[in-house]
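Shown next, in structure tokens, is the structure this report addresses.
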Amino acid sequence: MMKLNLLRYLAVIVGLAGAFATPANALVEININKGNVEPLPIAITDFVSGDDIGARISQVIEADLKRSGLFAPVNRQAFIEKVSNPDKAPRFEDWKVVNAQALVVGRINRESDGRLRAEFRLWDTFAGQQMTGQQFFTQPENWRRVAHIIADAIYERITGEKGYFDTRVVFVSESGPKADRKRQLAIMDQDGANVRMLTNTKDIVLTPRFSPNRQEVTYMSFEGQQPRVYLLQLETGQREVVGNFPGMTFSPRFSPDGQRVIMSLQQDGNANIYTMDLRSRTTTRLTNTAAIDTSPSYSPDGGRIVFESDRGGRQQLYVMGADGSGQTRISFGDGSYSTPVWSPRGDLIAFTKQSGGKFSIGVMKPDGSGERILTTGFHNEGPTWAPNGRVIMFFRQAAGAGGPQLYSIDLTGYNEQMIQTPSYASDPAWSPLLE
């Protein structure tokens, strides 16, 4: 199987030296903490190259930035200057006329050993200053990866926060008629490109989750008519069962350090939450109720766990210590709450809420305050966070539709977009940033 840790191919990542120094305080910036942010007009030129690779890379960069909702790429037909030498300072007045507050230029060269050298510069057109510049070396087949990395660098320089474009999403790919649907584990780039299957059986798979080390996925499978939790090595394709428990095991998720898996085990009609140490294979029981406790998710520091439970009569969200202590209900709105997942920033918990015959994706603070609904529909479910904690992906089943589709939405609730996949898709899980 193709290796996912592709950054091994990056031989050099350096700032571009030259006559144009980066200013300490550029004028162009986006304050993404303001709520509804006005997108920044940015011009992204075709990178200079001997073939179409430069144009393809710049198009991916443009699509990434536009999809974030924070950038408004200027129509290329409006460009006045045709950039032929990215090392030369641009004609800033030409870019001001088309209201491009930021400008991206670049070059793609093919080295004698066959590698691509990709370099770019980001300019503040109104200040007339270079904001950043970098170069990367890679194999030609990994050109999309370089485009995502450049988009991340631009995003971080202008917003002050890490980007999320150089990431993967693992999900359940659904195909075939509704009565006999095939569900396979699949993986793709965060923009829907490079989809490939990780499993190829008729057994149902559910709830895939990434490991913090990015090389493992945990998921549930009904292989052999017995629901079990599996670990899948992405580089080698090897997999193993996480314990041989009686009854049903489901809703697996890694601890932040990747050393444990937390899951729900169903026995005698009840479901409780357990952790398993992946080295010693020892299990620890965290809840002990005559109820359904499931969907556990760690806080980023590993100190707390949010989960759902119907111990109060219907599904609600609870938070407890990592050792199971201090179990406290945090959701008190109308309806039922499920599928909680802690933000990588630690400040919010995303959830699914069912109320009034509709399903919503929302967020609340870890103490249950500040509940806010981002989107509502016939059936929305399964939120997962981008690694910067600014965007959520989920799946939606529209009324009367043939199957679920993946969507993303940012924390403002305004920038909702469908992620194109070759077939129906559900249960997304976002990877950390690749390294």
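A note on labels: chains of the structure tokens are A, B, ... as shown, every chain counts residues from 1, and ligands are counted from 1 in their shown order.
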Practice prompt. Excluding A:Leu317 and any residue of its chain fewer than 4 positions from it, enumerate the residues within 9 Å of it, using only C-alpha atoms, and give them as a list in words.
Written response: Val306, Phe307, Glu308, Ser309, Asp310, Thr328, Arg329, Ile330, Ser331, Phe332, Ser336, Tyr337, Ser338, Thr339, Pro340, Phe351 and Gly368 of chain A
Written selection (N, CA and C atoms) as a PDB file, in the first residue's frame:
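Below is the file again.pdb, written as the result:
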```
ATOM      1  N   VAL A 306     -15.432  13.274  27.468  1.00  0.00           N
ATOM      2  CA  VAL A 306     -16.843  13.557  27.260  1.00  0.00           C
ATOM      3  C   VAL A 306     -17.467  12.313  26.635  1.00  0.00           C
ATOM      4  N   PHE A 307     -18.708  12.016  27.009  1.00  0.00           N
ATOM      5  CA  PHE A 307     -19.393  10.849  26.466  1.00  0.00           C
ATOM      6  C   PHE A 307     -20.895  11.093  26.497  1.00  0.00           C
ATOM      7  N   GLU A 308     -21.641  10.208  25.846  1.00  0.00           N
ATOM      8  CA  GLU A 308     -23.095  10.308  25.874  1.00  0.00           C
ATOM      9  C   GLU A 308     -23.665   9.166  26.699  1.00  0.00           C
ATOM     10  N   SER A 309     -24.784   9.428  27.369  1.00  0.00           N
ATOM     11  CA  SER A 309     -25.418   8.421  28.205  1.00  0.00           C
ATOM     12  C   SER A 309     -26.914   8.692  28.278  1.00  0.00           C
ATOM     13  N   ASP A 310     -27.695   7.597  28.342  1.00  0.00           N
ATOM     14  CA  ASP A 310     -29.138   7.749  28.531  1.00  0.00           C
ATOM     15  C   ASP A 310     -29.541   7.455  29.967  1.00  0.00           C
ATOM     16  N   THR A 328     -20.320  14.156  35.326  1.00  0.00           N
ATOM     17  CA  THR A 328     -21.205  15.311  35.455  1.00  0.00           C
ATOM     18  C   THR A 328     -21.926  15.574  34.145  1.00  0.00           C
ATOM     19  N   ARG A 329     -23.223  15.746  34.192  1.00  0.00           N
ATOM     20  CA  ARG A 329     -23.994  16.072  32.992  1.00  0.00           C
ATOM     21  C   ARG A 329     -23.740  17.520  32.588  1.00  0.00           C
ATOM     22  N   ILE A 330     -23.570  17.763  31.271  1.00  0.00           N
ATOM     23  CA  ILE A 330     -23.315  19.131  30.809  1.00  0.00           C
ATOM     24  C   ILE A 330     -24.356  19.631  29.816  1.00  0.00           C
ATOM     25  N   SER A 331     -25.202  18.745  29.228  1.00  0.00           N
ATOM     26  CA  SER A 331     -26.206  19.204  28.253  1.00  0.00           C
ATOM     27  C   SER A 331     -27.577  19.227  28.906  1.00  0.00           C
ATOM     28  N   PHE A 332     -28.298  20.335  28.694  1.00  0.00           N
ATOM     29  CA  PHE A 332     -29.598  20.499  29.342  1.00  0.00           C
ATOM     30  C   PHE A 332     -30.642  21.108  28.411  1.00  0.00           C
ATOM     31  N   SER A 336     -32.251  15.357  22.370  1.00  0.00           N
ATOM     32  CA  SER A 336     -31.216  14.397  22.744  1.00  0.00           C
ATOM     33  C   SER A 336     -29.881  14.811  22.142  1.00  0.00           C
ATOM     34  N   TYR A 337     -28.792  14.487  22.847  1.00  0.00           N
ATOM     35  CA  TYR A 337     -27.440  14.846  22.419  1.00  0.00           C
ATOM     36  C   TYR A 337     -26.617  13.573  22.232  1.00  0.00           C
ATOM     37  N   SER A 338     -25.773  13.570  21.207  1.00  0.00           N
ATOM     38  CA  SER A 338     -24.965  12.379  20.932  1.00  0.00           C
ATOM     39  C   SER A 338     -23.682  12.742  20.200  1.00  0.00           C
ATOM     40  N   THR A 339     -22.864  11.752  19.928  1.00  0.00           N
ATOM     41  CA  THR A 339     -21.588  11.820  19.193  1.00  0.00           C
ATOM     42  C   THR A 339     -20.720  13.017  19.587  1.00  0.00           C
ATOM     43  N   PRO A 340     -20.448  13.220  20.878  1.00  0.00           N
ATOM     44  CA  PRO A 340     -19.607  14.356  21.262  1.00  0.00           C
ATOM     45  C   PRO A 340     -18.148  14.135  20.863  1.00  0.00           C
ATOM     46  N   PHE A 351     -21.157  18.291  18.832  1.00  0.00           N
ATOM     47  CA  PHE A 351     -22.127  17.247  19.128  1.00  0.00           C
ATOM     48  C   PHE A 351     -23.195  17.190  18.047  1.00  0.00           C
ATOM     49  N   GLY A 368     -20.721  22.954  29.422  1.00  0.00           N
ATOM     50  CA  GLY A 368     -22.092  22.939  28.935  1.00  0.00           C
ATOM     51  C   GLY A 368     -22.647  24.302  28.584  1.00  0.00           C
TER      52      GLY A 368
END
```
Worksheet item: Can you list, as a ChimeraX atom specification, every protein, DNA or RNA residue that comes within 10 Å of A:Asp347 when you count only C-alpha atoms, leaving out same-chain residues fewer than 2 positions away?
Response: /A:299-300,342-345,349,363-367,389
Could you write out that same residue set with N, CA, C and O atoms as a PDB file, in the first residue's frame?
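Saved the output as part00.pdb:
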```pdb
ATOM      1  N   SER A 299     -10.328  14.922  26.080  1.00  0.00           N
ATOM      2  CA  SER A 299      -9.868  16.295  25.916  1.00  0.00           C
ATOM      3  C   SER A 299      -8.448  16.253  25.373  1.00  0.00           C
ATOM      4  O   SER A 299      -7.751  15.245  25.510  1.00  0.00           O
ATOM      5  N   PRO A 300      -7.963  17.333  24.733  1.00  0.00           N
ATOM      6  CA  PRO A 300      -6.622  17.300  24.130  1.00  0.00           C
ATOM      7  C   PRO A 300      -5.500  16.999  25.112  1.00  0.00           C
ATOM      8  O   PRO A 300      -4.477  16.416  24.724  1.00  0.00           O
ATOM      9  N   TRP A 342     -14.298  16.293  21.386  1.00  0.00           N
ATOM     10  CA  TRP A 342     -13.600  17.451  21.951  1.00  0.00           C
ATOM     11  C   TRP A 342     -12.767  18.136  20.884  1.00  0.00           C
ATOM     12  O   TRP A 342     -12.090  17.483  20.097  1.00  0.00           O
ATOM     13  N   SER A 343     -12.800  19.458  20.868  1.00  0.00           N
ATOM     14  CA  SER A 343     -11.998  20.229  19.920  1.00  0.00           C
ATOM     15  C   SER A 343     -10.511  20.058  20.208  1.00  0.00           C
ATOM     16  O   SER A 343     -10.106  19.952  21.369  1.00  0.00           O
ATOM     17  N   PRO A 344      -9.663  20.041  19.162  1.00  0.00           N
ATOM     18  CA  PRO A 344      -8.211  19.985  19.384  1.00  0.00           C
ATOM     19  C   PRO A 344      -7.688  21.181  20.177  1.00  0.00           C
ATOM     20  O   PRO A 344      -6.612  21.094  20.779  1.00  0.00           O
ATOM     21  N   ARG A 345      -8.436  22.268  20.185  1.00  0.00           N
ATOM     22  CA  ARG A 345      -8.042  23.450  20.962  1.00  0.00           C
ATOM     23  C   ARG A 345      -8.442  23.318  22.425  1.00  0.00           C
ATOM     24  O   ARG A 345      -7.975  24.093  23.264  1.00  0.00           O
ATOM     25  N   ILE A 349     -16.787  21.500  22.602  1.00  0.00           N
ATOM     26  CA  ILE A 349     -17.183  20.128  22.312  1.00  0.00           C
ATOM     27  C   ILE A 349     -18.240  20.190  21.214  1.00  0.00           C
ATOM     28  O   ILE A 349     -19.236  20.903  21.347  1.00  0.00           O
ATOM     29  N   VAL A 363     -22.015  23.172  18.921  1.00  0.00           N
ATOM     30  CA  VAL A 363     -20.862  23.197  19.815  1.00  0.00           C
ATOM     31  C   VAL A 363     -21.276  23.790  21.154  1.00  0.00           C
ATOM     32  O   VAL A 363     -22.242  24.564  21.239  1.00  0.00           O
ATOM     33  N   MET A 364     -20.580  23.396  22.190  1.00  0.00           N
ATOM     34  CA  MET A 364     -20.760  23.998  23.512  1.00  0.00           C
ATOM     35  C   MET A 364     -19.419  23.975  24.220  1.00  0.00           C
ATOM     36  O   MET A 364     -18.495  23.253  23.822  1.00  0.00           O
ATOM     37  N   LYS A 365     -19.306  24.774  25.282  1.00  0.00           N
ATOM     38  CA  LYS A 365     -18.095  24.749  26.091  1.00  0.00           C
ATOM     39  C   LYS A 365     -18.076  23.493  26.944  1.00  0.00           C
ATOM     40  O   LYS A 365     -19.113  22.870  27.173  1.00  0.00           O
ATOM     41  N   PRO A 366     -16.912  23.088  27.432  1.00  0.00           N
ATOM     42  CA  PRO A 366     -16.823  21.839  28.211  1.00  0.00           C
ATOM     43  C   PRO A 366     -17.668  21.822  29.472  1.00  0.00           C
ATOM     44  O   PRO A 366     -17.949  20.743  29.995  1.00  0.00           O
ATOM     45  N   ASP A 367     -18.078  22.986  29.970  1.00  0.00           N
ATOM     46  CA  ASP A 367     -18.963  22.996  31.138  1.00  0.00           C
ATOM     47  C   ASP A 367     -20.437  23.027  30.740  1.00  0.00           C
ATOM     48  O   ASP A 367     -21.318  23.128  31.603  1.00  0.00           O
ATOM     49  N   GLY A 389      -9.057  23.208  14.921  1.00  0.00           N
ATOM     50  CA  GLY A 389     -10.233  23.491  15.736  1.00  0.00           C
ATOM     51  C   GLY A 389     -11.125  24.591  15.201  1.00  0.00           C
ATOM     52  O   GLY A 389     -11.923  25.159  15.948  1.00  0.00           O
TER      53      GLY A 389
END
```
Fill in: Test item, alpha helix (DSSP H) assignment across stretch 145-350 of chain A, answer as a ChimeraX atom specification
/A:145-159
Keeping N, CA and C atoms for every residue in the selection just given, could you write it to a file as a PDB file, in the first residue's frame?
```pdb
ATOM      1  N   ARG A 145       0.290  17.479  -2.575  1.00  0.00           N
ATOM      2  CA  ARG A 145       0.706  17.630  -1.182  1.00  0.00           C
ATOM      3  C   ARG A 145       1.436  18.959  -0.984  1.00  0.00           C
ATOM      4  N   VAL A 146       2.312  19.293  -1.926  1.00  0.00           N
ATOM      5  CA  VAL A 146       3.036  20.564  -1.832  1.00  0.00           C
ATOM      6  C   VAL A 146       2.063  21.743  -1.903  1.00  0.00           C
ATOM      7  N   ALA A 147       1.063  21.648  -2.779  1.00  0.00           N
ATOM      8  CA  ALA A 147       0.068  22.723  -2.875  1.00  0.00           C
ATOM      9  C   ALA A 147      -0.641  22.929  -1.550  1.00  0.00           C
ATOM     10  N   HIS A 148      -1.020  21.848  -0.870  1.00  0.00           N
ATOM     11  CA  HIS A 148      -1.687  21.969   0.427  1.00  0.00           C
ATOM     12  C   HIS A 148      -0.758  22.589   1.469  1.00  0.00           C
ATOM     13  N   ILE A 149       0.515  22.204   1.441  1.00  0.00           N
ATOM     14  CA  ILE A 149       1.470  22.763   2.407  1.00  0.00           C
ATOM     15  C   ILE A 149       1.652  24.261   2.181  1.00  0.00           C
ATOM     16  N   ILE A 150       1.720  24.685   0.930  1.00  0.00           N
ATOM     17  CA  ILE A 150       1.833  26.120   0.632  1.00  0.00           C
ATOM     18  C   ILE A 150       0.573  26.853   1.096  1.00  0.00           C
ATOM     19  N   ALA A 151      -0.595  26.288   0.849  1.00  0.00           N
ATOM     20  CA  ALA A 151      -1.839  26.910   1.310  1.00  0.00           C
ATOM     21  C   ALA A 151      -1.838  27.048   2.824  1.00  0.00           C
ATOM     22  N   ASP A 152      -1.333  26.035   3.534  1.00  0.00           N
ATOM     23  CA  ASP A 152      -1.241  26.117   4.995  1.00  0.00           C
ATOM     24  C   ASP A 152      -0.322  27.255   5.422  1.00  0.00           C
ATOM     25  N   ALA A 153       0.811  27.419   4.720  1.00  0.00           N
ATOM     26  CA  ALA A 153       1.764  28.476   5.070  1.00  0.00           C
ATOM     27  C   ALA A 153       1.140  29.854   4.875  1.00  0.00           C
ATOM     28  N   ILE A 154       0.374  30.021   3.806  1.00  0.00           N
ATOM     29  CA  ILE A 154      -0.308  31.304   3.554  1.00  0.00           C
ATOM     30  C   ILE A 154      -1.367  31.556   4.609  1.00  0.00           C
ATOM     31  N   TYR A 155      -2.163  30.530   4.904  1.00  0.00           N
ATOM     32  CA  TYR A 155      -3.213  30.637   5.921  1.00  0.00           C
ATOM     33  C   TYR A 155      -2.624  31.054   7.264  1.00  0.00           C
ATOM     34  N   GLU A 156      -1.525  30.397   7.661  1.00  0.00           N
ATOM     35  CA  GLU A 156      -0.933  30.696   8.960  1.00  0.00           C
ATOM     36  C   GLU A 156      -0.329  32.097   9.002  1.00  0.00           C
ATOM     37  N   ARG A 157       0.317  32.515   7.907  1.00  0.00           N
ATOM     38  CA  ARG A 157       0.947  33.838   7.913  1.00  0.00           C
ATOM     39  C   ARG A 157      -0.075  34.954   8.020  1.00  0.00           C
ATOM     40  N   ILE A 158      -1.254  34.768   7.415  1.00  0.00           N
ATOM     41  CA  ILE A 158      -2.239  35.844   7.405  1.00  0.00           C
ATOM     42  C   ILE A 158      -3.191  35.780   8.600  1.00  0.00           C
ATOM     43  N   THR A 159      -3.506  34.581   9.078  1.00  0.00           N
ATOM     44  CA  THR A 159      -4.450  34.464  10.197  1.00  0.00           C
ATOM     45  C   THR A 159      -3.754  34.333  11.546  1.00  0.00           C
TER      46      THR A 159
END
```
Worksheet item: What residues in stretch 190-295 of chain A get the DSSP label strand (DSSP E)? Please answer as JSON, numbers by chain.
Response: {"A": [196, 197, 205, 206, 207, 208, 209, 210, 216, 217, 218, 219, 220, 221, 228, 229, 230, 231, 232, 233, 239, 240, 241, 248, 249, 250, 251, 252, 253, 254, 260, 261, 262, 263, 264, 265, 266, 267, 270, 271, 272, 273, 274, 275, 276, 277, 283, 284, 285, 293, 294, 295]}
Restricted to C-alpha atoms, what would the selected residues look like written as a PDB file, in the first residue's frame?
```
ATOM      1  CA  ARG A 196      -8.635   5.046  -1.990  1.00  0.00           C
ATOM      2  CA  MET A 197     -10.191   2.092  -0.208  1.00  0.00           C
ATOM      3  CA  VAL A 205     -17.500  -0.953   9.006  1.00  0.00           C
ATOM      4  CA  LEU A 206     -18.324   1.975  11.295  1.00  0.00           C
ATOM      5  CA  THR A 207     -16.781   4.845  13.286  1.00  0.00           C
ATOM      6  CA  PRO A 208     -13.201   5.052  11.966  1.00  0.00           C
ATOM      7  CA  ARG A 209     -10.863   7.274  14.005  1.00  0.00           C
ATOM      8  CA  PHE A 210      -7.286   8.463  13.436  1.00  0.00           C
ATOM      9  CA  GLU A 216      -3.099   3.962  12.617  1.00  0.00           C
ATOM     10  CA  VAL A 217      -6.872   3.959  12.318  1.00  0.00           C
ATOM     11  CA  THR A 218      -9.251   2.325  14.750  1.00  0.00           C
ATOM     12  CA  TYR A 219     -12.714   1.297  13.611  1.00  0.00           C
ATOM     13  CA  MET A 220     -15.540  -1.149  14.250  1.00  0.00           C
ATOM     14  CA  SER A 221     -16.307  -4.027  11.895  1.00  0.00           C
ATOM     15  CA  ARG A 228     -15.278  -5.865  17.115  1.00  0.00           C
ATOM     16  CA  VAL A 229     -12.837  -2.958  17.247  1.00  0.00           C
ATOM     17  CA  TYR A 230      -9.824  -3.185  14.928  1.00  0.00           C
ATOM     18  CA  LEU A 231      -6.521  -1.354  14.563  1.00  0.00           C
ATOM     19  CA  LEU A 232      -5.344  -0.776  10.981  1.00  0.00           C
ATOM     20  CA  GLN A 233      -1.761   0.222  10.120  1.00  0.00           C
ATOM     21  CA  ARG A 239      -4.651  -4.978  11.196  1.00  0.00           C
ATOM     22  CA  GLU A 240      -5.449  -6.565  14.522  1.00  0.00           C
ATOM     23  CA  VAL A 241      -8.395  -6.968  16.876  1.00  0.00           C
ATOM     24  CA  MET A 248     -20.390  -5.801  21.323  1.00  0.00           C
ATOM     25  CA  THR A 249     -17.522  -3.322  21.230  1.00  0.00           C
ATOM     26  CA  PHE A 250     -18.052   0.014  19.489  1.00  0.00           C
ATOM     27  CA  SER A 251     -17.254   3.748  19.312  1.00  0.00           C
ATOM     28  CA  PRO A 252     -13.455   3.377  19.570  1.00  0.00           C
ATOM     29  CA  ARG A 253     -11.210   6.415  19.833  1.00  0.00           C
ATOM     30  CA  PHE A 254      -7.523   6.955  20.657  1.00  0.00           C
ATOM     31  CA  ARG A 260      -4.737   3.774  24.681  1.00  0.00           C
ATOM     32  CA  VAL A 261      -8.044   3.134  22.967  1.00  0.00           C
ATOM     33  CA  ILE A 262     -11.260   4.121  24.710  1.00  0.00           C
ATOM     34  CA  MET A 263     -14.462   2.339  23.700  1.00  0.00           C
ATOM     35  CA  SER A 264     -17.889   1.165  24.783  1.00  0.00           C
ATOM     36  CA  LEU A 265     -18.528  -2.508  25.604  1.00  0.00           C
ATOM     37  CA  GLN A 266     -22.066  -3.846  25.658  1.00  0.00           C
ATOM     38  CA  GLN A 267     -22.950  -6.628  28.074  1.00  0.00           C
ATOM     39  CA  ASN A 270     -25.978  -2.218  29.188  1.00  0.00           C
ATOM     40  CA  ALA A 271     -22.981  -0.444  27.661  1.00  0.00           C
ATOM     41  CA  ASN A 272     -20.118   0.976  29.678  1.00  0.00           C
ATOM     42  CA  ILE A 273     -16.899   2.752  28.811  1.00  0.00           C
ATOM     43  CA  TYR A 274     -13.516   1.045  29.027  1.00  0.00           C
ATOM     44  CA  THR A 275      -9.965   1.946  28.125  1.00  0.00           C
ATOM     45  CA  MET A 276      -7.335  -0.474  26.848  1.00  0.00           C
ATOM     46  CA  ASP A 277      -3.582   0.072  27.094  1.00  0.00           C
ATOM     47  CA  THR A 283      -8.467  -2.857  30.294  1.00  0.00           C
ATOM     48  CA  THR A 284      -9.904  -0.419  32.805  1.00  0.00           C
ATOM     49  CA  ARG A 285     -13.612   0.148  33.321  1.00  0.00           C
ATOM     50  CA  ASP A 293     -22.733   4.934  27.970  1.00  0.00           C
ATOM     51  CA  THR A 294     -20.957   5.395  24.647  1.00  0.00           C
ATOM     52  CA  SER A 295     -19.146   7.731  22.198  1.00  0.00           C
TER      53      SER A 295
END
```
Worksheet item: Leaving out A:Ala78 and any residue of its chain fewer than 2 positions from it, which residues lie within 12 Å of it when counting only C-alpha atoms, given as an MDAnalysis selection string?
Response: chainID A and resid 43:45 73:76 80:82 94:100
Just want the 6 Å neighbourhood of A:Arg121, counted on only C-alpha atoms, with same-chain residues fewer than 3 positions away dropped. Output as a compact mmCIF listing (two decimals) with all heavy atoms, in the first residue's frame.
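Dumped everything to part25.txt:
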```
# COMPACT_ATOMS: atom_id res chain seq x y z
N VAL A 104 0.08 36.00 -4.32
CA VAL A 104 0.91 34.80 -4.25
C VAL A 104 1.51 34.54 -5.63
O VAL A 104 0.79 34.48 -6.63
CB VAL A 104 0.08 33.57 -3.82
CG1 VAL A 104 0.97 32.32 -3.76
CG2 VAL A 104 -0.57 33.81 -2.46
N VAL A 105 2.84 34.42 -5.68
CA VAL A 105 3.54 34.08 -6.92
C VAL A 105 4.45 32.89 -6.62
O VAL A 105 4.79 32.62 -5.47
CB VAL A 105 4.37 35.26 -7.46
CG1 VAL A 105 3.47 36.46 -7.78
CG2 VAL A 105 5.45 35.67 -6.45
N THR A 132 6.14 36.33 3.38
CA THR A 132 6.84 35.07 3.61
C THR A 132 7.24 34.48 2.27
O THR A 132 6.70 34.86 1.22
CB THR A 132 5.97 34.07 4.40
OG1 THR A 132 6.78 32.93 4.77
CG2 THR A 132 4.79 33.57 3.57
N GLY A 133 8.18 33.57 2.29
CA GLY A 133 8.60 32.83 1.09
C GLY A 133 9.25 31.53 1.50
O GLY A 133 10.01 31.49 2.47
```
Worksheet item: If we count only C-alpha atoms, what is near A:Ala55 at a cut-off of 7 Å, once residues fewer than 4 positions away on the same chain are taken out, given as a list in words?
Response: Asp46, Phe47 and Gln59 of chain A
Dump C-alpha atoms for the selected residues as a PDB file, in the first residue's frame?
```pdb
ATOM      1  CA  ASP A  46      -0.170  30.511 -12.040  1.00  0.00           C
ATOM      2  CA  PHE A  47       3.236  29.374 -10.829  1.00  0.00           C
ATOM      3  CA  GLN A  59      -5.343  26.055  -8.586  1.00  0.00           C
TER       4      GLN A  59
END
```
Fill in: Minimum-distance residue to A:Lys182, chosen among A:Gly403, A:Phe165, A:Gln420, A:Thr289 (using only C-alpha atoms)
A:Gly403
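Here atom CA of A:Pro90 and atom CA of A:Pro41 stand 16.7 Å from one another.
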Find the residues near A:Leu40: any atom within 9 Å, counting only C-alpha atoms, skip ones fewer than 5 places away on the same chain, and give them as a PDB file with N, CA and C atoms, in the first residue's frame.
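Dumped to part.pdb:
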```
ATOM      1  N   VAL A  28      -1.555  43.194   6.066  1.00  0.00           N
ATOM      2  CA  VAL A  28      -2.590  42.221   5.736  1.00  0.00           C
ATOM      3  C   VAL A  28      -2.699  41.178   6.844  1.00  0.00           C
ATOM      4  N   GLU A  29      -3.889  41.063   7.409  1.00  0.00           N
ATOM      5  CA  GLU A  29      -4.145  40.021   8.398  1.00  0.00           C
ATOM      6  C   GLU A  29      -5.647  39.794   8.487  1.00  0.00           C
ATOM      7  N   ILE A  30      -6.010  38.621   9.014  1.00  0.00           N
ATOM      8  CA  ILE A  30      -7.409  38.286   9.238  1.00  0.00           C
ATOM      9  C   ILE A  30      -7.578  37.924  10.704  1.00  0.00           C
ATOM     10  N   LEU A  70     -12.258  32.271   4.397  1.00  0.00           N
ATOM     11  CA  LEU A  70     -11.533  33.455   4.873  1.00  0.00           C
ATOM     12  C   LEU A  70     -10.877  34.238   3.750  1.00  0.00           C
ATOM     13  N   PHE A  71     -10.835  33.653   2.547  1.00  0.00           N
ATOM     14  CA  PHE A  71     -10.165  34.288   1.426  1.00  0.00           C
ATOM     15  C   PHE A  71     -11.101  34.337   0.216  1.00  0.00           C
ATOM     16  N   ALA A  72     -11.007  35.431  -0.531  1.00  0.00           N
ATOM     17  CA  ALA A  72     -11.785  35.597  -1.754  1.00  0.00           C
ATOM     18  C   ALA A  72     -10.809  35.759  -2.912  1.00  0.00           C
ATOM     19  N   PRO A  73     -10.453  34.672  -3.601  1.00  0.00           N
ATOM     20  CA  PRO A  73      -9.511  34.776  -4.716  1.00  0.00           C
ATOM     21  C   PRO A  73     -10.028  35.698  -5.818  1.00  0.00           C
ATOM     22  N   ALA A 100      -6.523  43.374  -4.922  1.00  0.00           N
ATOM     23  CA  ALA A 100      -5.861  42.209  -4.344  1.00  0.00           C
ATOM     24  C   ALA A 100      -5.007  42.679  -3.177  1.00  0.00           C
ATOM     25  N   GLN A 101      -5.458  42.420  -1.967  1.00  0.00           N
ATOM     26  CA  GLN A 101      -4.717  42.879  -0.798  1.00  0.00           C
ATOM     27  C   GLN A 101      -3.501  41.994  -0.511  1.00  0.00           C
ATOM     28  N   ALA A 102      -3.543  40.755  -1.007  1.00  0.00           N
ATOM     29  CA  ALA A 102      -2.398  39.859  -0.896  1.00  0.00           C
ATOM     30  C   ALA A 102      -2.169  39.216  -2.257  1.00  0.00           C
TER      31      ALA A 102
END
```
Worksheet item: Nearest to A:Val195: which of A:Val169, A:Leu433, A:Ile409, A:Val391 is it, counting only C-alpha atoms?
Response: A:Val169
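Restricting the calculation to only C-alpha atoms, the smallest distance between A:Tyr424 and any of A:Arg181, A:Arg168, A:Arg115, A:Arg91 is found for A:Arg181.
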